[in-house]
Structure formats: structure tokens, C-alpha cells
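**Student:** For reference, the file entry_37.cif (mmCIF, N, CA and C atoms) is included below:
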data_my_file
#
loop_
_atom_site.label_atom_id
_atom_site.label_comp_id
_atom_site.auth_asym_id
_atom_site.auth_seq_id
_atom_site.Cartn_x
_atom_site.Cartn_y
_atom_site.Cartn_z
N MET S 170 -0.32 12.08 -10.33
CA MET S 170 -0.57 13.18 -9.42
C MET S 170 -1.97 13.71 -9.69
N VAL S 171 -2.80 13.76 -8.65
CA VAL S 171 -4.15 14.30 -8.74
C VAL S 171 -4.09 15.76 -8.30
N ALA S 172 -4.70 16.64 -9.08
CA ALA S 172 -4.66 18.07 -8.77
C ALA S 172 -6.06 18.65 -8.77
N GLU S 173 -6.31 19.56 -7.86
CA GLU S 173 -7.57 20.29 -7.77
C GLU S 173 -7.25 21.75 -7.52
N LYS S 174 -8.10 22.62 -8.03
CA LYS S 174 -7.92 24.05 -7.80
C LYS S 174 -8.85 24.50 -6.70
N GLY S 175 -8.31 25.23 -5.71
CA GLY S 175 -9.10 25.73 -4.60
C GLY S 175 -8.86 27.21 -4.40
N LYS S 176 -9.80 27.86 -3.72
CA LYS S 176 -9.72 29.29 -3.47
C LYS S 176 -9.39 29.53 -2.00
N ILE S 177 -8.48 30.45 -1.74
CA ILE S 177 -8.12 30.81 -0.37
C ILE S 177 -9.22 31.72 0.15
N ILE S 178 -9.92 31.28 1.21
CA ILE S 178 -11.02 32.08 1.74
C ILE S 178 -10.64 32.84 3.01
N ALA S 179 -9.58 32.41 3.69
CA ALA S 179 -9.14 33.09 4.90
C ALA S 179 -7.72 32.67 5.24
N ILE S 180 -7.03 33.57 5.93
CA ILE S 180 -5.70 33.26 6.47
C ILE S 180 -5.76 33.58 7.95
N GLU S 181 -5.35 32.61 8.77
CA GLU S 181 -5.52 32.74 10.21
C GLU S 181 -4.28 32.28 10.95
N LYS S 182 -3.91 33.05 11.99
CA LYS S 182 -2.83 32.63 12.87
C LYS S 182 -3.47 31.95 14.08
N ASN S 183 -2.95 30.75 14.39
CA ASN S 183 -3.52 29.99 15.49
C ASN S 183 -2.39 29.25 16.21
N LYS S 184 -2.16 29.57 17.46
CA LYS S 184 -1.14 28.91 18.28
C LYS S 184 0.24 28.92 17.62
N GLY S 185 0.64 30.06 17.09
CA GLY S 185 1.96 30.19 16.49
C GLY S 185 2.06 29.68 15.07
N LYS S 186 0.99 29.11 14.54
CA LYS S 186 0.99 28.60 13.17
C LYS S 186 0.07 29.48 12.32
N THR S 187 0.46 29.69 11.09
CA THR S 187 -0.40 30.41 10.17
C THR S 187 -0.96 29.41 9.17
N LEU S 188 -2.28 29.40 9.06
CA LEU S 188 -2.97 28.47 8.18
C LEU S 188 -3.77 29.22 7.14
N ALA S 189 -3.81 28.66 5.96
CA ALA S 189 -4.67 29.18 4.90
C ALA S 189 -5.86 28.25 4.78
N HIS S 190 -7.05 28.83 4.88
CA HIS S 190 -8.28 28.05 4.75
C HIS S 190 -8.67 28.04 3.28
N ILE S 191 -8.81 26.82 2.75
CA ILE S 191 -9.06 26.62 1.32
C ILE S 191 -10.47 26.07 1.14
N GLU S 192 -11.13 26.53 0.07
CA GLU S 192 -12.43 25.98 -0.31
C GLU S 192 -12.35 25.56 -1.77
N TYR S 193 -12.84 24.37 -2.05
CA TYR S 193 -12.94 23.97 -3.44
C TYR S 193 -14.25 23.23 -3.66
N ILE S 194 -14.70 23.27 -4.90
CA ILE S 194 -15.97 22.65 -5.26
C ILE S 194 -15.70 21.25 -5.77
N SER S 195 -16.28 20.26 -5.09
CA SER S 195 -16.16 18.87 -5.51
C SER S 195 -17.18 18.62 -6.60
N LYS S 196 -16.71 18.29 -7.79
CA LYS S 196 -17.59 18.09 -8.92
C LYS S 196 -17.73 16.62 -9.23
N SER S 197 -18.89 16.25 -9.72
CA SER S 197 -19.14 14.88 -10.13
C SER S 197 -18.33 14.57 -11.38
N ALA S 198 -17.86 13.35 -11.50
CA ALA S 198 -17.13 12.94 -12.70
C ALA S 198 -18.03 12.98 -13.92
N CYS S 199 -19.33 12.88 -13.70
CA CYS S 199 -20.28 12.89 -14.82
C CYS S 199 -20.31 14.23 -15.55
N SER S 200 -19.91 15.31 -14.87
CA SER S 200 -19.97 16.62 -15.52
C SER S 200 -18.98 16.74 -16.67
N SER S 201 -17.95 15.91 -16.68
CA SER S 201 -16.97 15.98 -17.76
C SER S 201 -17.24 14.96 -18.86
N CYS S 202 -18.27 14.13 -18.69
CA CYS S 202 -18.57 13.08 -19.66
C CYS S 202 -19.53 13.63 -20.72
N GLN S 203 -19.28 13.28 -21.96
CA GLN S 203 -20.13 13.79 -23.03
C GLN S 203 -21.48 13.06 -23.11
N ASN S 204 -21.61 11.92 -22.46
CA ASN S 204 -22.86 11.16 -22.50
C ASN S 204 -23.71 11.36 -21.25
N ASN S 205 -23.42 12.37 -20.44
CA ASN S 205 -24.12 12.50 -19.16
C ASN S 205 -25.61 12.81 -19.32
N ASP S 206 -26.05 13.35 -20.48
CA ASP S 206 -27.47 13.59 -20.69
C ASP S 206 -28.22 12.31 -21.00
N ASN S 207 -27.54 11.32 -21.57
CA ASN S 207 -28.19 10.07 -21.97
C ASN S 207 -28.03 8.96 -20.94
N CYS S 208 -27.21 9.17 -19.96
CA CYS S 208 -26.88 8.13 -18.98
C CYS S 208 -27.72 8.32 -17.72
N GLY S 209 -28.20 7.23 -17.16
CA GLY S 209 -28.98 7.31 -15.93
C GLY S 209 -28.19 7.85 -14.77
N VAL S 210 -26.92 7.47 -14.68
CA VAL S 210 -26.07 7.97 -13.60
C VAL S 210 -25.87 9.48 -13.74
N GLY S 211 -25.70 9.96 -14.97
CA GLY S 211 -25.53 11.39 -15.22
C GLY S 211 -26.75 12.19 -14.83
N VAL S 212 -27.93 11.65 -15.11
CA VAL S 212 -29.18 12.33 -14.75
C VAL S 212 -29.31 12.41 -13.22
N VAL S 213 -28.97 11.32 -12.54
CA VAL S 213 -29.04 11.32 -11.07
C VAL S 213 -28.03 12.29 -10.49
N SER S 214 -26.82 12.36 -11.06
CA SER S 214 -25.78 13.23 -10.51
C SER S 214 -26.14 14.70 -10.66
N LYS S 215 -26.96 15.05 -11.65
CA LYS S 215 -27.39 16.44 -11.82
C LYS S 215 -28.32 16.88 -10.70
N THR S 216 -29.04 15.93 -10.11
CA THR S 216 -29.97 16.30 -9.05
C THR S 216 -29.25 16.67 -7.76
N PHE S 217 -28.06 16.16 -7.57
CA PHE S 217 -27.27 16.50 -6.39
C PHE S 217 -26.29 17.59 -6.76
N SER S 218 -26.34 18.69 -6.02
CA SER S 218 -25.47 19.82 -6.36
C SER S 218 -24.02 19.52 -5.99
N ASP S 219 -23.12 20.26 -6.61
CA ASP S 219 -21.71 20.12 -6.27
C ASP S 219 -21.50 20.58 -4.83
N LYS S 220 -20.56 19.96 -4.13
CA LYS S 220 -20.32 20.25 -2.73
C LYS S 220 -19.11 21.17 -2.57
N ALA S 221 -19.24 22.15 -1.70
CA ALA S 221 -18.11 23.01 -1.36
C ALA S 221 -17.42 22.41 -0.14
N LEU S 222 -16.15 22.06 -0.27
CA LEU S 222 -15.38 21.46 0.81
C LEU S 222 -14.35 22.46 1.30
N GLN S 223 -14.12 22.51 2.61
CA GLN S 223 -13.15 23.43 3.18
C GLN S 223 -12.18 22.68 4.07
N PHE S 224 -10.92 23.11 4.03
CA PHE S 224 -9.90 22.57 4.92
C PHE S 224 -8.76 23.57 4.98
N SER S 225 -7.79 23.29 5.85
CA SER S 225 -6.68 24.21 6.06
C SER S 225 -5.36 23.57 5.66
N ILE S 226 -4.47 24.40 5.13
CA ILE S 226 -3.12 23.97 4.78
C ILE S 226 -2.14 24.99 5.34
N PRO S 227 -0.88 24.63 5.50
CA PRO S 227 0.11 25.60 5.99
C PRO S 227 0.24 26.78 5.03
N TYR S 228 0.33 27.95 5.61
CA TYR S 228 0.42 29.20 4.85
C TYR S 228 1.83 29.38 4.29
N THR S 229 1.92 29.86 3.06
CA THR S 229 3.19 30.31 2.49
C THR S 229 3.04 31.77 2.11
N GLU S 230 4.16 32.46 1.96
CA GLU S 230 4.13 33.92 1.81
C GLU S 230 3.39 34.43 0.59
N GLU S 231 3.36 33.67 -0.49
CA GLU S 231 2.69 34.16 -1.70
C GLU S 231 1.17 34.01 -1.66
N MET S 232 0.63 33.38 -0.61
CA MET S 232 -0.81 33.18 -0.51
C MET S 232 -1.51 34.45 -0.06
N LYS S 233 -2.61 34.76 -0.74
CA LYS S 233 -3.45 35.90 -0.38
C LYS S 233 -4.91 35.47 -0.50
N VAL S 234 -5.78 36.10 0.30
CA VAL S 234 -7.19 35.78 0.27
C VAL S 234 -7.74 36.06 -1.14
N ASN S 235 -8.61 35.19 -1.61
CA ASN S 235 -9.26 35.22 -2.93
C ASN S 235 -8.34 34.78 -4.06
N ASN S 236 -7.08 34.43 -3.77
CA ASN S 236 -6.23 33.82 -4.79
C ASN S 236 -6.57 32.34 -4.87
N PHE S 237 -6.13 31.72 -5.96
CA PHE S 237 -6.37 30.29 -6.14
C PHE S 237 -5.08 29.53 -5.93
N VAL S 238 -5.21 28.31 -5.41
CA VAL S 238 -4.07 27.43 -5.25
C VAL S 238 -4.40 26.10 -5.91
N GLU S 239 -3.37 25.45 -6.40
CA GLU S 239 -3.54 24.10 -6.95
C GLU S 239 -3.05 23.13 -5.90
N LEU S 240 -3.94 22.24 -5.47
CA LEU S 240 -3.63 21.24 -4.45
C LEU S 240 -3.36 19.92 -5.15
N ARG S 241 -2.23 19.30 -4.80
CA ARG S 241 -1.84 18.06 -5.47
C ARG S 241 -1.58 16.98 -4.43
N ILE S 242 -1.96 15.74 -4.78
CA ILE S 242 -1.65 14.59 -3.94
C ILE S 242 -1.07 13.50 -4.84
N ASN S 243 -0.05 12.87 -4.36
CA ASN S 243 0.64 11.82 -5.10
C ASN S 243 -0.28 10.62 -5.30
N ASN S 244 -0.23 10.00 -6.47
CA ASN S 244 -1.06 8.83 -6.76
C ASN S 244 -0.82 7.68 -5.79
N LYS S 245 0.44 7.47 -5.41
CA LYS S 245 0.78 6.39 -4.50
C LYS S 245 0.08 6.57 -3.16
N ASP S 246 0.10 7.78 -2.63
CA ASP S 246 -0.56 8.06 -1.35
C ASP S 246 -2.07 7.94 -1.47
N LEU S 247 -2.62 8.36 -2.59
CA LEU S 247 -4.05 8.26 -2.82
C LEU S 247 -4.50 6.80 -2.87
N ILE S 248 -3.74 5.97 -3.55
CA ILE S 248 -4.09 4.55 -3.67
C ILE S 248 -3.95 3.85 -2.32
N LYS S 249 -2.89 4.15 -1.56
CA LYS S 249 -2.73 3.55 -0.23
C LYS S 249 -3.89 3.91 0.68
N SER S 250 -4.29 5.17 0.65
CA SER S 250 -5.40 5.60 1.50
C SER S 250 -6.71 4.95 1.08
N ALA S 251 -6.96 4.89 -0.22
CA ALA S 251 -8.20 4.28 -0.71
C ALA S 251 -8.25 2.79 -0.37
N MET S 252 -7.13 2.12 -0.51
CA MET S 252 -7.10 0.68 -0.18
C MET S 252 -7.37 0.47 1.30
N LEU S 253 -6.80 1.31 2.14
CA LEU S 253 -7.02 1.19 3.58
C LEU S 253 -8.50 1.41 3.91
N VAL S 254 -9.08 2.45 3.36
CA VAL S 254 -10.46 2.81 3.70
C VAL S 254 -11.47 1.81 3.14
N TYR S 255 -11.23 1.29 1.94
CA TYR S 255 -12.21 0.41 1.32
C TYR S 255 -11.96 -1.08 1.58
N LEU S 256 -10.72 -1.50 1.52
CA LEU S 256 -10.44 -2.94 1.59
C LEU S 256 -10.51 -3.53 2.99
N VAL S 257 -10.05 -2.81 3.99
CA VAL S 257 -10.05 -3.38 5.34
C VAL S 257 -11.47 -3.71 5.81
N PRO S 258 -12.44 -2.77 5.74
CA PRO S 258 -13.80 -3.15 6.15
C PRO S 258 -14.41 -4.24 5.26
N LEU S 259 -14.10 -4.21 3.96
CA LEU S 259 -14.63 -5.23 3.06
C LEU S 259 -14.07 -6.61 3.42
N LEU S 260 -12.78 -6.69 3.73
CA LEU S 260 -12.19 -7.96 4.14
C LEU S 260 -12.79 -8.46 5.45
N PHE S 261 -13.01 -7.55 6.40
CA PHE S 261 -13.65 -7.93 7.66
C PHE S 261 -15.05 -8.47 7.38
N PHE S 262 -15.78 -7.82 6.49
CA PHE S 262 -17.14 -8.25 6.14
C PHE S 262 -17.14 -9.66 5.55
N ILE S 263 -16.31 -9.87 4.53
CA ILE S 263 -16.28 -11.17 3.84
C ILE S 263 -15.75 -12.28 4.74
N CYS S 264 -14.65 -12.02 5.42
CA CYS S 264 -14.05 -13.05 6.27
C CYS S 264 -14.97 -13.44 7.43
N SER S 265 -15.65 -12.48 8.02
CA SER S 265 -16.55 -12.82 9.13
C SER S 265 -17.73 -13.65 8.65
N ALA S 266 -18.24 -13.37 7.45
CA ALA S 266 -19.33 -14.18 6.91
C ALA S 266 -18.86 -15.61 6.63
N LEU S 267 -17.66 -15.73 6.09
CA LEU S 267 -17.11 -17.08 5.82
C LEU S 267 -16.85 -17.84 7.11
N ILE S 268 -16.32 -17.18 8.12
CA ILE S 268 -16.06 -17.84 9.40
C ILE S 268 -17.38 -18.25 10.06
N ALA S 269 -18.38 -17.38 9.99
CA ALA S 269 -19.69 -17.74 10.56
C ALA S 269 -20.27 -18.96 9.85
N LYS S 270 -20.08 -19.02 8.55
CA LYS S 270 -20.57 -20.18 7.79
C LYS S 270 -19.81 -21.45 8.20
N GLN S 271 -18.51 -21.32 8.51
CA GLN S 271 -17.71 -22.48 8.93
C GLN S 271 -18.19 -23.03 10.28
N PHE S 272 -18.76 -22.17 11.12
CA PHE S 272 -19.28 -22.62 12.41
C PHE S 272 -20.73 -23.09 12.30
N TYR S 273 -21.14 -23.41 11.09
CA TYR S 273 -22.46 -23.99 10.80
C TYR S 273 -23.61 -23.09 11.24
N ILE S 274 -23.40 -21.80 11.14
CA ILE S 274 -24.51 -20.87 11.37
C ILE S 274 -25.28 -20.81 10.05
N THR S 275 -26.50 -21.28 10.08
CA THR S 275 -27.27 -21.41 8.84
C THR S 275 -28.29 -20.29 8.65
N ASN S 276 -28.58 -19.55 9.69
CA ASN S 276 -29.54 -18.46 9.58
C ASN S 276 -28.88 -17.30 8.83
N GLU S 277 -29.35 -17.01 7.62
CA GLU S 277 -28.71 -15.98 6.78
C GLU S 277 -28.79 -14.60 7.41
N ALA S 278 -29.90 -14.30 8.07
CA ALA S 278 -30.04 -12.99 8.71
C ALA S 278 -28.96 -12.82 9.79
N PHE S 279 -28.67 -13.89 10.53
CA PHE S 279 -27.64 -13.83 11.58
C PHE S 279 -26.25 -13.67 10.95
N ILE S 280 -26.00 -14.35 9.84
CA ILE S 280 -24.71 -14.22 9.15
C ILE S 280 -24.53 -12.79 8.65
N ILE S 281 -25.59 -12.21 8.08
CA ILE S 281 -25.52 -10.83 7.60
C ILE S 281 -25.26 -9.87 8.75
N LEU S 282 -25.93 -10.09 9.87
CA LEU S 282 -25.72 -9.25 11.05
C LEU S 282 -24.28 -9.34 11.55
N ILE S 283 -23.74 -10.55 11.59
CA ILE S 283 -22.34 -10.74 12.00
C ILE S 283 -21.41 -10.02 11.03
N ALA S 284 -21.65 -10.18 9.73
CA ALA S 284 -20.77 -9.56 8.72
C ALA S 284 -20.82 -8.04 8.81
N ILE S 285 -22.01 -7.47 8.98
CA ILE S 285 -22.12 -6.00 9.09
C ILE S 285 -21.45 -5.52 10.37
N SER S 286 -21.60 -6.27 11.44
CA SER S 286 -20.95 -5.89 12.71
C SER S 286 -19.44 -5.88 12.56
N TRP S 287 -18.90 -6.91 11.93
CA TRP S 287 -17.45 -6.97 11.75
C TRP S 287 -16.96 -5.92 10.74
N ALA S 288 -17.78 -5.57 9.75
CA ALA S 288 -17.40 -4.48 8.84
C ALA S 288 -17.31 -3.17 9.61
N ALA S 289 -18.24 -2.94 10.55
CA ALA S 289 -18.19 -1.74 11.40
C ALA S 289 -16.92 -1.75 12.24
N ILE S 290 -16.55 -2.90 12.76
CA ILE S 290 -15.30 -3.02 13.52
C ILE S 290 -14.11 -2.70 12.59
N GLY S 291 -14.19 -3.16 11.35
CA GLY S 291 -13.15 -2.85 10.37
C GLY S 291 -13.02 -1.35 10.12
N PHE S 292 -14.15 -0.64 10.08
CA PHE S 292 -14.11 0.82 9.92
C PHE S 292 -13.45 1.49 11.12
N VAL S 293 -13.77 0.99 12.33
CA VAL S 293 -13.15 1.56 13.53
C VAL S 293 -11.65 1.31 13.53
N ILE S 294 -11.25 0.11 13.19
CA ILE S 294 -9.81 -0.20 13.11
C ILE S 294 -9.14 0.65 12.05
N THR S 295 -9.80 0.84 10.91
CA THR S 295 -9.26 1.69 9.84
C THR S 295 -9.06 3.11 10.35
N HIS S 296 -10.01 3.60 11.13
CA HIS S 296 -9.91 4.95 11.68
C HIS S 296 -8.64 5.10 12.53
N PHE S 297 -8.41 4.14 13.43
CA PHE S 297 -7.25 4.23 14.30
C PHE S 297 -5.94 3.99 13.54
N VAL S 298 -5.94 3.08 12.60
CA VAL S 298 -4.74 2.83 11.80
C VAL S 298 -4.40 4.05 10.95
N SER S 299 -5.42 4.69 10.37
CA SER S 299 -5.15 5.87 9.54
C SER S 299 -4.62 7.03 10.37
N LYS S 300 -5.07 7.15 11.63
CA LYS S 300 -4.52 8.19 12.50
C LYS S 300 -3.05 7.94 12.81
N LYS S 301 -2.66 6.65 12.91
CA LYS S 301 -1.26 6.31 13.15
C LYS S 301 -0.42 6.52 11.89
N LEU S 302 -0.94 6.09 10.73
CA LEU S 302 -0.19 6.21 9.48
C LEU S 302 -0.13 7.64 8.97
N TYR S 303 -1.22 8.38 9.14
CA TYR S 303 -1.32 9.73 8.60
C TYR S 303 -1.73 10.71 9.70
N PRO S 304 -0.83 11.03 10.63
CA PRO S 304 -1.18 12.05 11.62
C PRO S 304 -1.39 13.39 10.92
N GLN S 305 -2.06 14.32 11.59
CA GLN S 305 -2.45 15.59 10.97
C GLN S 305 -1.27 16.32 10.34
N LYS S 306 -0.12 16.31 11.00
CA LYS S 306 1.01 17.04 10.43
C LYS S 306 1.53 16.36 9.16
N SER S 307 1.38 15.03 9.04
CA SER S 307 1.85 14.40 7.82
C SER S 307 0.85 14.54 6.68
N ILE S 308 -0.43 14.80 6.99
CA ILE S 308 -1.40 15.06 5.93
C ILE S 308 -0.99 16.32 5.17
N ASN S 309 -0.51 17.30 5.91
CA ASN S 309 -0.05 18.52 5.26
C ASN S 309 1.16 18.26 4.36
N GLN S 310 1.93 17.20 4.65
CA GLN S 310 3.05 16.85 3.81
C GLN S 310 2.59 16.07 2.58
N LEU S 311 1.45 15.37 2.67
CA LEU S 311 0.93 14.63 1.53
C LEU S 311 0.38 15.58 0.46
N ILE S 312 -0.25 16.66 0.91
CA ILE S 312 -0.86 17.61 -0.02
C ILE S 312 0.13 18.74 -0.25
N SER S 313 0.49 18.95 -1.50
CA SER S 313 1.35 20.07 -1.83
C SER S 313 0.49 21.13 -2.52
N SER S 314 0.90 22.37 -2.45
CA SER S 314 0.11 23.43 -3.05
C SER S 314 1.01 24.35 -3.86
N LYS S 315 0.40 24.98 -4.86
CA LYS S 315 1.09 25.95 -5.69
C LYS S 315 0.11 27.10 -5.96
N THR S 316 0.51 28.32 -5.66
CA THR S 316 -0.37 29.46 -5.84
C THR S 316 -0.53 29.76 -7.33
N ILE S 317 -1.77 30.00 -7.74
CA ILE S 317 -2.10 30.34 -9.12
C ILE S 317 -2.66 31.76 -9.11
N GLN S 318 -2.17 32.59 -9.97
CA GLN S 318 -2.67 33.98 -10.03
C GLN S 318 -3.89 34.11 -10.88
#
If you convert what's in this file into C-alpha cells, what do you get?
**Tutor:**
Amino acid sequence: MVAEKGKIIAIEKNKGKTLAHIEYISKSACSSCQNNDNCGVGVVSKTFSDKALQFSIPYTEEMKVNNFVELRINNKDLIKSAMLVYLVPLLFFICSALIAKQFYITNEAFIILIAISWAAIGFVITHFVSKKLYPQKSINQLISSKTIQ
């Protein structure tokens, strides 16, 4: 289970639903590493500031503005989503390059162009498949929250 702490910045009623708007700071993994001062990746990550991300979750009665909530997502759902987002375009990229090579296309620039084009198609397909697998109402079921005082 992956957990992050977020702050409730607003509570809003919209079309009969009450939503809590959450903000949390996305931190680099390098900030928790003890070697980040000596590592090139750690030095580069310091130059980019942490990002504040905002999204909405269903409101529960114990939520109040400026309180903190712990947002959790199941590891299984996280891995399924990551595999969908990363592997489908990568497979389209690799398979299209191999198929182009099988058709005796010898110009490497043309093979790269074909592979990038099919990777883009893989991203589009991933977008539509993810909307079918994870509609907006089920995303709220994937993320659970617990109010922290």
C-alpha cells in the first residue's frame, strides 16, 4: 500500500456531490537518500522544485479545510496502472520496429519514425483503455483516505 499525506484546501458542493480538494507536495525520491549530495541524480533533482499537485476526492464528514488526510492506493492497482501506461507504448514501439525490419526497410531514420509513430498510437490506445478500465468514479474507489488530525 502506497500512502501520501495531503492537505484539504477546499470543500465544494457540485451537482449534488460534495468533494474535498486535496493538495500534496510530490517529493523526489532523492530527498530521502543519504547520498543525494554525492550523486549526480541527487544534484539534478535539487534544481527542480517539488511540485504541488491538486485533485478531488469524495467528501466524508470528518474532513475540514486545513486538515490533513492520508491517501492510499493498493500496490496491485498501482502496478496494473504502471504496466498499462509504460508497457503498451513500449511494446508498440519495439514491435513496429521489428515488423518494419521484416519488410526489409533498411533506412534507420524511417524505422525510427515508424517506431515513434506507433508508440504514439500506443499512448492513444492506452488513454482509451485506461478510461474504460478506470472511469472517474472508480478512481475514487482506488484511492482511499483517512483524516489525520
**Student:** Tell me which of S:Ala179, S:Glu192, S:Thr295, S:Phe272 sits closest to Val254 (chain S), counting all atoms listed in the file.
**Tutor:**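 Of S:Ala179, S:Glu192, S:Thr295, S:Phe272, the one nearest Val254 (chain S), counting all atoms listed in the file, is S:Thr295.
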**Student:** When DSSP is applied to the backbone of this structure, which of region 222-314 of chain S are assigned strand (DSSP E or B)? Write them out as a PyMOL selection string.
**Tutor:** chain S and resi 222-227+237-242+312-314
**Student:** Just to be explicit: take each residue in the selection above, keep N, CA and C atoms, and write the result as an mmCIF file, in the frame of the given file.
**Tutor:**
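Just written: selection28.cif:
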data_model
loop_
_atom_site.group_PDB
_atom_site.id
_atom_site.type_symbol
_atom_site.label_atom_id
_atom_site.label_comp_id
_atom_site.auth_asym_id
_atom_site.auth_seq_id
_atom_site.Cartn_x
_atom_site.Cartn_y
_atom_site.Cartn_z
ATOM 1 N N LEU S 222 -16.150 22.060 -0.270
ATOM 2 C CA LEU S 222 -15.380 21.460 0.810
ATOM 3 C C LEU S 222 -14.350 22.460 1.300
ATOM 4 N N GLN S 223 -14.120 22.510 2.610
ATOM 5 C CA GLN S 223 -13.150 23.430 3.180
ATOM 6 C C GLN S 223 -12.180 22.680 4.070
ATOM 7 N N PHE S 224 -10.920 23.110 4.030
ATOM 8 C CA PHE S 224 -9.900 22.570 4.920
ATOM 9 C C PHE S 224 -8.760 23.570 4.980
ATOM 10 N N SER S 225 -7.790 23.290 5.850
ATOM 11 C CA SER S 225 -6.680 24.210 6.060
ATOM 12 C C SER S 225 -5.360 23.570 5.660
ATOM 13 N N ILE S 226 -4.470 24.400 5.130
ATOM 14 C CA ILE S 226 -3.120 23.970 4.780
ATOM 15 C C ILE S 226 -2.140 24.990 5.340
ATOM 16 N N PRO S 227 -0.880 24.630 5.500
ATOM 17 C CA PRO S 227 0.110 25.600 5.990
ATOM 18 C C PRO S 227 0.240 26.780 5.030
ATOM 19 N N PHE S 237 -6.130 31.720 -5.960
ATOM 20 C CA PHE S 237 -6.370 30.290 -6.140
ATOM 21 C C PHE S 237 -5.080 29.530 -5.930
ATOM 22 N N VAL S 238 -5.210 28.310 -5.410
ATOM 23 C CA VAL S 238 -4.070 27.430 -5.250
ATOM 24 C C VAL S 238 -4.400 26.100 -5.910
ATOM 25 N N GLU S 239 -3.370 25.450 -6.400
ATOM 26 C CA GLU S 239 -3.540 24.100 -6.950
ATOM 27 C C GLU S 239 -3.050 23.130 -5.900
ATOM 28 N N LEU S 240 -3.940 22.240 -5.470
ATOM 29 C CA LEU S 240 -3.630 21.240 -4.450
ATOM 30 C C LEU S 240 -3.360 19.920 -5.150
ATOM 31 N N ARG S 241 -2.230 19.300 -4.800
ATOM 32 C CA ARG S 241 -1.840 18.060 -5.470
ATOM 33 C C ARG S 241 -1.580 16.980 -4.430
ATOM 34 N N ILE S 242 -1.960 15.740 -4.780
ATOM 35 C CA ILE S 242 -1.650 14.590 -3.940
ATOM 36 C C ILE S 242 -1.070 13.500 -4.840
ATOM 37 N N ILE S 312 -0.250 16.660 0.910
ATOM 38 C CA ILE S 312 -0.860 17.610 -0.020
ATOM 39 C C ILE S 312 0.130 18.740 -0.250
ATOM 40 N N SER S 313 0.490 18.950 -1.500
ATOM 41 C CA SER S 313 1.350 20.070 -1.830
ATOM 42 C C SER S 313 0.490 21.130 -2.520
ATOM 43 N N SER S 314 0.900 22.370 -2.450
ATOM 44 C CA SER S 314 0.110 23.430 -3.050
ATOM 45 C C SER S 314 1.010 24.350 -3.860
#
**Student:** How many Å lie between atom C of Val234 (chain S) and atom N of Ile177 (chain S), rounded to one decimal?
**Tutor:**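 Spanning atom C of Val234 (chain S) to atom N of Ile177 (chain S) is a straight-line distance of 5.7 Å.
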**Student:** Taking the file as shown, find all residues satisfying the PyMOL selection byres (((chain S and resi 226 and name CA) around 8) and name CA) and write them as a count of residues only.
**Tutor:** 9
**Student:** Determine the residue set returned by the PyMOL selection byres ((chain S and resi 263-270) around 7) for the present structure, and present it as a ChimeraX atom specification.
**Tutor:** /S:258-262,271-275,280-281,283-284,287-288
**Student:** Just N, CA and C atoms for this one: save the residues we selected as a PDB file, keeping the file's coordinate frame.
**Tutor:**
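New file out18.pdb:
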ATOM      1  N   PRO S 258     -12.440  -2.770   5.740  1.00  0.00           N
ATOM      2  CA  PRO S 258     -13.800  -3.150   6.150  1.00  0.00           C
ATOM      3  C   PRO S 258     -14.410  -4.240   5.260  1.00  0.00           C
ATOM      4  N   LEU S 259     -14.100  -4.210   3.960  1.00  0.00           N
ATOM      5  CA  LEU S 259     -14.630  -5.230   3.060  1.00  0.00           C
ATOM      6  C   LEU S 259     -14.070  -6.610   3.420  1.00  0.00           C
ATOM      7  N   LEU S 260     -12.780  -6.690   3.730  1.00  0.00           N
ATOM      8  CA  LEU S 260     -12.190  -7.960   4.140  1.00  0.00           C
ATOM      9  C   LEU S 260     -12.790  -8.460   5.450  1.00  0.00           C
ATOM     10  N   PHE S 261     -13.010  -7.550   6.400  1.00  0.00           N
ATOM     11  CA  PHE S 261     -13.650  -7.930   7.660  1.00  0.00           C
ATOM     12  C   PHE S 261     -15.050  -8.470   7.380  1.00  0.00           C
ATOM     13  N   PHE S 262     -15.780  -7.820   6.490  1.00  0.00           N
ATOM     14  CA  PHE S 262     -17.140  -8.250   6.140  1.00  0.00           C
ATOM     15  C   PHE S 262     -17.140  -9.660   5.550  1.00  0.00           C
ATOM     16  N   GLN S 271     -18.510 -21.320   8.510  1.00  0.00           N
ATOM     17  CA  GLN S 271     -17.710 -22.480   8.930  1.00  0.00           C
ATOM     18  C   GLN S 271     -18.190 -23.030  10.280  1.00  0.00           C
ATOM     19  N   PHE S 272     -18.760 -22.170  11.120  1.00  0.00           N
ATOM     20  CA  PHE S 272     -19.280 -22.620  12.410  1.00  0.00           C
ATOM     21  C   PHE S 272     -20.730 -23.090  12.300  1.00  0.00           C
ATOM     22  N   TYR S 273     -21.140 -23.410  11.090  1.00  0.00           N
ATOM     23  CA  TYR S 273     -22.460 -23.990  10.800  1.00  0.00           C
ATOM     24  C   TYR S 273     -23.610 -23.090  11.240  1.00  0.00           C
ATOM     25  N   ILE S 274     -23.400 -21.800  11.140  1.00  0.00           N
ATOM     26  CA  ILE S 274     -24.510 -20.870  11.370  1.00  0.00           C
ATOM     27  C   ILE S 274     -25.280 -20.810  10.050  1.00  0.00           C
ATOM     28  N   THR S 275     -26.500 -21.280  10.080  1.00  0.00           N
ATOM     29  CA  THR S 275     -27.270 -21.410   8.840  1.00  0.00           C
ATOM     30  C   THR S 275     -28.290 -20.290   8.650  1.00  0.00           C
ATOM     31  N   ILE S 280     -26.000 -14.350   9.840  1.00  0.00           N
ATOM     32  CA  ILE S 280     -24.710 -14.220   9.150  1.00  0.00           C
ATOM     33  C   ILE S 280     -24.530 -12.790   8.650  1.00  0.00           C
ATOM     34  N   ILE S 281     -25.590 -12.210   8.080  1.00  0.00           N
ATOM     35  CA  ILE S 281     -25.520 -10.830   7.600  1.00  0.00           C
ATOM     36  C   ILE S 281     -25.260  -9.870   8.750  1.00  0.00           C
ATOM     37  N   ILE S 283     -23.740 -10.550  11.590  1.00  0.00           N
ATOM     38  CA  ILE S 283     -22.340 -10.740  12.000  1.00  0.00           C
ATOM     39  C   ILE S 283     -21.410 -10.020  11.030  1.00  0.00           C
ATOM     40  N   ALA S 284     -21.650 -10.180   9.730  1.00  0.00           N
ATOM     41  CA  ALA S 284     -20.770  -9.560   8.720  1.00  0.00           C
ATOM     42  C   ALA S 284     -20.820  -8.040   8.810  1.00  0.00           C
ATOM     43  N   TRP S 287     -18.900  -6.910  11.930  1.00  0.00           N
ATOM     44  CA  TRP S 287     -17.450  -6.970  11.750  1.00  0.00           C
ATOM     45  C   TRP S 287     -16.960  -5.920  10.740  1.00  0.00           C
ATOM     46  N   ALA S 288     -17.780  -5.570   9.750  1.00  0.00           N
ATOM     47  CA  ALA S 288     -17.400  -4.480   8.840  1.00  0.00           C
ATOM     48  C   ALA S 288     -17.310  -3.170   9.610  1.00  0.00           C
TER      49      ALA S 288
END
**Student:** Calculate how many Å separate atom C of Tyr255 (chain S) from atom C of Tyr193 (chain S), rounding to one decimal.
**Tutor:**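 A separation of 25.0 Å between them.
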**Student:** Taking all atoms listed in the file into account, which of S:Ile194, S:Ile248, S:Ile242, S:Val298 comes nearest Leu222 (chain S)?
**Tutor:**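 Selected residue with least distance to Leu222 (chain S): S:Ile194.
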